[in-house]
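Below: one structure, written as structure tokens.
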Amino acid sequence: MLAIFTWLLGFCVAVFTSLTYFYGRRRKEGEPPLIKGWIPYVGKALQFGRDAHRFLTAHRDRHGDVFTVLIAGKYMTFVMDPVLYPSIIKHGKHLTFHEFSDTVPPVIFDFPRVRTPRFPELSNHIQKSYNFLKGENLSLLSETMVRNLLLVLRQDYLGLASEWRTDELHRFCCRVMFEVTFMTLYGKPPEGMRHGGIRTLREQFESFDAALPMLVAGIPISFLGSTKSARKELKAFLMPHNLASWVGPSRFIQHRAELFEQYHALEDADKAGHHFAILWASVGNTIPAAFWALYHLVTHPEALTAVRAEVRRVLGPFQQGAEPDQALAFSQEKMDGLLYMGSAIRESLRLSAASMNIRVAQDDFVLQLAQGYSVPVRRGDIIALYPQSIHMDPEIFEDPEAYQFDRFVEDGQEKKTFYKSGQKLKYFCMPFGSGSSKCPGRYLAMNEMKLFLALLLTYFDLEVLEDQARPGPDPSRAGLGILLPDTDVRFRYRLRPVSFDPC
Ligand code: HEM
């Protein structure tokens with residue numbers, strides 16, 4: 001009986017596979033090469049998910065710079081040559097980012113789709129709320145961030161570290177960055193709740209975050225163990241009545257909370273879902289980015305010495321204050337003056353960023369890629385840029401696997417000239433995405449990482465323990481942002497004996 005059933009099942013799968021293969025989508029004249037794989041619907045999803053960078057590079061070598069791949073029911077046209085990127089990024093009318101952003105985050109963070117007549121103009125208002133992450137508001141946020149960084153370091157680390165103490169580097173970054181970012185954006189929870197409250201929140205966040213690639217792949221949350229309850233608890237923290245009791249929320253969050261109140265069709269749980277999406281956006285990438293930046297600095301003595309010296313030179317007054325709370329008076333000018341640190345962070349981002357830039361075709365149209373080079377695109381198809389392939393291109397970045405902290409410095413200024421096929425590139429390092437979907441929190445993220453590194457390098461001696469394996473980027477969340485390390489590393493730290501001598 002079982003044998004007959006197995007045979008029948010196998011037969012059905014074979015028939016379905018052949019039908020899909022022969023009668024599914026066929027490449028039309030002029031369209032890019034089409035790679036469908038043998039498994040209907042799934043297409044090449046498994047190979048792509050295993051190591052997207054390697055998969056795409058191999059197909060580029062075989063098919064050229066533009067090709068279409070079936071991935072989990074979607075036809076995705078990858079454009080691999082960065083010289084062609086501007087033509088995708090500027091194709092506003094035919095290609096939109098919003099179709100993706102209005103479908104995936106609502107399912108993951110659990111709120112209703114925004115672009116519907118139920119919520120008139122909400123999407124525009126949300127886009128405008130990102131102005132609170134720039135200019136004067138950015139300075140206010142960054143000032144609060146310095147205070148919170150000092151508070152967390154002082155309470156949990158500074159007082160205890162006159163002797164060497166050991167910890168795990170990624171966990172350390174996670175604890176510090178989560179708490180600091182959270183308090184900077186949402187304020188401090190009411191007295192008595194701070195430590196336990198935010199720790200619980202972080203633990204739920206870590207549990208949810210671990211399942212993120214599966215959620216993005218469309219696996220229902222009910223199949224993902226404790227992820228659903230983690231999301232429920234996180235959202236409970238972020239309900240409007242809870243948020244209202246926290247002390248000193250940022251203007252950004254206040255503005256959004258007031259905005260949501262104007263939409264009666266939004267339930268409190270929906271508002272919490274929106275806050276949760278921002279919480280994830282603000283820490284999901286910043287934590288691994290801070291890890292890589294710190295790890296690379298600590299394991300490259302030449303870089304560490306140069307960046308420490310720069311911190312001392314540029315943030316002078318900060319080092320003269322003997323007490324941490326008299327520390328750094330924030331100024332954007334000083335942040336921008338940290339040229340080598342900025343380059344070291346960008347270099348770490350280059351090595352660890354694997355976000356995918358997605359646009360969806362609104363209609364059938366001919367995509368003009370360059371003079372005399374165009375490809376027809378079908379409505380609903382996805383056009384994808386995968387910047388990791390340019391970040392690791394030896395023609396653009398010499399010895400691309402190597403960490404060179406000063407790669408983005410030239411003649412005492414930020415280096416912005418990189419070439420491919422003899423042409424100067426407009427886009428060469430894209431950890432924050434591009435065009436209409438470019439990260440609105442990028443200035444805050446850069447300030448946050450600079451402040452984090454400046455304080456750590458100033459107050460602590462830091463060393464990775466000798467027997468530790470070198471961490472590599474874990475490819476499992478390729479396409480989603482900064483890759484996590486595939487293993488954590490133990491390190492030790494202690495207060496610098498002469499706190500303010502950087503060398
Ligand atoms: C190193 C840290 C960060 C990296 C690498 C990063 C990267 C990105 C990328 C690549 C996108 C575009 C996603 C896409 O094209 O689908 C994005 C979107 C976004 N990021 Fe960031 N981000 C970082 C930190 C932050 C921070 C600190 C915030 C603060 C609130 C933030 C807020 C956002 C928001 C709200 C969006 C969605 C924008 C929209 O839908 O229009 N990010 N980020």
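Simple scheme: letters A, B, ... for chains in structure tokens order, numbers from 1 for residues in each chain, numbers from 1 for ligands in the order shown.
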
Environment of ligand 1 within 9 Å, counting only C-alpha atoms and all ligand atoms, reported as a PyMOL selection string = chain A and resi 97-98+100-102+105+126-127+130+133+181+185+252+277-290+349+353-359+430-446+448-449+479-482

For Leu243 in chain A, list every protein, DNA or RNA residue within 12 Å, evaluated using only C-alpha atoms, and leave out those in the same chain fewer than 4 positions away; present the list as a list in words.
->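 So, after excluding close chain neighbours, the residues are Phe182, Met183, Leu185, Tyr186, Gly187, Lys188, Pro189, Pro190, Leu234, Lys235, Ala236, Phe237, Leu238, Met239, Val247, Gly248, Pro249, Ser250, Ile253, Gln254, Arg256, Ala257, Glu258, Asp268, Lys271, Ala272, His275 and Phe276 of chain A.
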
All residues 12 Å or closer to Ile345 in chain A, only C-alpha atoms, same chain fewer than 2 positions away omitted, as a ChimeraX atom specification | /A:286,288-297,303,307,338-343,347-353,403-409,429,431,445-454

Residue nearest Tyr373 in chain A - candidates A:Leu84, A:Met392, A:Arg251, A:Lys44, atoms counted: only C-alpha atoms =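 So, comparing all the options, the nearest one is A:Leu84.
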
Enumerate, as a PyMOL selection string, the complete set of residues in range 160-332 of chain A that a backbone-based DSSP assignment places in helix (DSSP H, G or I).
-> chain A and resi 160+169-186+194-210+212-216+221-223+227-237+240-243+251-261+268-283+286-298+301-314+316-320+324-326+332

Can you list, as a PyMOL selection string, every protein, DNA or RNA residue that comes within 9 Å of Leu201 in chain A when you count only C-alpha atoms, leaving out same-chain residues fewer than 2 positions away?
-> chain A and resi 196-199+203-206+230+233-234+237

Could you save the residues just selected, with C-alpha atoms, as an mmCIF file, in the first residue's frame?
```
data_model
loop_
_atom_site.group_PDB
_atom_site.id
_atom_site.type_symbol
_atom_site.label_atom_id
_atom_site.label_comp_id
_atom_site.auth_asym_id
_atom_site.auth_seq_id
_atom_site.Cartn_x
_atom_site.Cartn_y
_atom_site.Cartn_z
ATOM 1 C CA GLY A 196 14.755 44.066 33.897
ATOM 2 C CA GLY A 197 12.293 45.593 31.436
ATOM 3 C CA ILE A 198 14.768 46.284 28.670
ATOM 4 C CA ARG A 199 16.611 43.006 29.269
ATOM 5 C CA GLU A 203 15.729 38.630 24.934
ATOM 6 C CA GLN A 204 12.393 38.603 23.116
ATOM 7 C CA PHE A 205 13.951 40.645 20.337
ATOM 8 C CA GLU A 206 16.807 38.136 19.927
ATOM 9 C CA ALA A 230 8.121 36.843 21.367
ATOM 10 C CA GLU A 233 5.394 40.347 24.140
ATOM 11 C CA LEU A 234 7.440 42.876 22.206
ATOM 12 C CA PHE A 237 5.765 46.630 25.523
#
```

Tell me which protein, DNA and RNA residues are within 12 Å of Phe418 in chain A, counting only C-alpha atoms, leaving out same-chain ones fewer than 5 positions away, and put them as number ranges by chain.
-> A: 82-83, 390-391, 393-398, 407-410, 423-429

Please dump the current selection as a short mmCIF file (atom, residue, chain, number, x, y, z; two decimals), in the first residue's frame; keep N, CA and C atoms.
```cif
data_model
loop_
_atom_site.label_atom_id
_atom_site.label_comp_id
_atom_site.auth_asym_id
_atom_site.auth_seq_id
_atom_site.Cartn_x
_atom_site.Cartn_y
_atom_site.Cartn_z
N PRO A 82 27.64 47.34 -11.66
CA PRO A 82 27.32 48.60 -10.97
C PRO A 82 27.28 49.82 -11.89
N VAL A 83 27.92 49.69 -13.06
CA VAL A 83 27.84 50.80 -14.03
C VAL A 83 26.38 51.01 -14.44
N ILE A 390 29.27 43.88 -5.68
CA ILE A 390 30.25 44.94 -6.00
C ILE A 390 31.23 45.16 -4.84
N HIS A 391 30.73 44.97 -3.61
CA HIS A 391 31.63 45.13 -2.46
C HIS A 391 32.79 44.14 -2.52
N ASP A 393 34.08 42.82 -5.38
CA ASP A 393 34.61 42.76 -6.74
C ASP A 393 36.07 43.25 -6.74
N PRO A 394 37.03 42.37 -7.11
CA PRO A 394 38.45 42.77 -7.05
C PRO A 394 38.80 43.89 -8.02
N GLU A 395 37.97 44.10 -9.02
CA GLU A 395 38.26 45.19 -9.95
C GLU A 395 37.95 46.55 -9.28
N ILE A 396 37.00 46.53 -8.35
CA ILE A 396 36.63 47.79 -7.67
C ILE A 396 37.43 47.97 -6.39
N PHE A 397 37.53 46.90 -5.62
CA PHE A 397 38.26 46.95 -4.34
C PHE A 397 39.38 45.92 -4.40
N GLU A 398 40.58 46.44 -4.47
CA GLU A 398 41.74 45.53 -4.54
C GLU A 398 41.76 44.62 -3.31
N ARG A 407 40.72 52.27 3.64
CA ARG A 407 40.37 52.10 2.23
C ARG A 407 39.56 53.29 1.69
N PHE A 408 38.82 53.93 2.58
CA PHE A 408 37.96 55.03 2.13
C PHE A 408 38.54 56.40 2.50
N VAL A 409 39.87 56.46 2.58
CA VAL A 409 40.52 57.75 2.82
C VAL A 409 41.52 57.97 1.69
N GLU A 410 41.55 59.20 1.16
CA GLU A 410 42.52 59.53 0.11
C GLU A 410 42.88 61.00 0.26
N GLN A 423 35.21 53.02 -15.76
CA GLN A 423 34.19 54.06 -15.52
C GLN A 423 34.06 54.35 -14.03
N LYS A 424 33.98 55.63 -13.71
CA LYS A 424 33.83 56.02 -12.31
C LYS A 424 32.43 55.61 -11.84
N LEU A 425 32.38 54.99 -10.65
CA LEU A 425 31.10 54.48 -10.18
C LEU A 425 30.37 55.50 -9.31
N LYS A 426 29.06 55.61 -9.54
CA LYS A 426 28.24 56.44 -8.67
C LYS A 426 27.92 55.66 -7.39
N TYR A 427 27.71 54.36 -7.55
CA TYR A 427 27.38 53.52 -6.39
C TYR A 427 28.48 52.46 -6.25
N PHE A 428 29.18 52.50 -5.11
CA PHE A 428 30.26 51.50 -4.92
C PHE A 428 30.19 50.85 -3.54
N CYS A 429 29.58 51.53 -2.56
CA CYS A 429 29.45 50.94 -1.23
C CYS A 429 28.03 51.25 -0.76
#
```

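If you measure from each of A:Pro240, A:Ser245, A:Pro473, A:Glu168 to Glu191 in chain A using only C-alpha atoms, the closest one turns out to be A:Ser245.
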
So how many Å separate CA of Gln155 in chain A and CA of Thr458 in chain A, to one decimal?
->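 Separation between CA of Gln155 in chain A and CA of Thr458 in chain A: 16.8 Å.
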
Based on DSSP run over this structure's backbone, return all residues of range 343-493 of chain A in strand (DSSP E or B), as JSON, numbers by chain.
-> {"A": [353, 354, 355, 357, 358, 359, 360, 361, 365, 366, 367, 368, 369, 370, 373, 374, 375, 376, 377, 382, 383, 384, 385, 409, 410, 413, 414, 419, 420, 423, 424, 460, 461, 462, 463, 464, 473, 479, 480, 481, 482, 485, 490, 491, 492, 493]}

Contacts of Gln362 in chain A at 6 Å (only C-alpha atoms; same-chain gap of 4+ positions) as a PyMOL selection string | chain A and resi 94-95+379

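Going from CA of Ala361 in chain A to CA of Asn124 in chain A covers 20.8 Å.
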
Which residues, written as a ChimeraX atom specification, have at least one atom at most 12 Å from Glu29 in chain A, with only C-alpha atoms counted and residues fewer than 5 positions away on the same chain left out?
-> /A:34,375-377

Interatomic distance, CA of Asp51 in chain A to CA of Ser389 in chain A (Å, one decimal) =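 So the two atoms, CA of Asp51 in chain A and CA of Ser389 in chain A, lie 11.8 Å apart.
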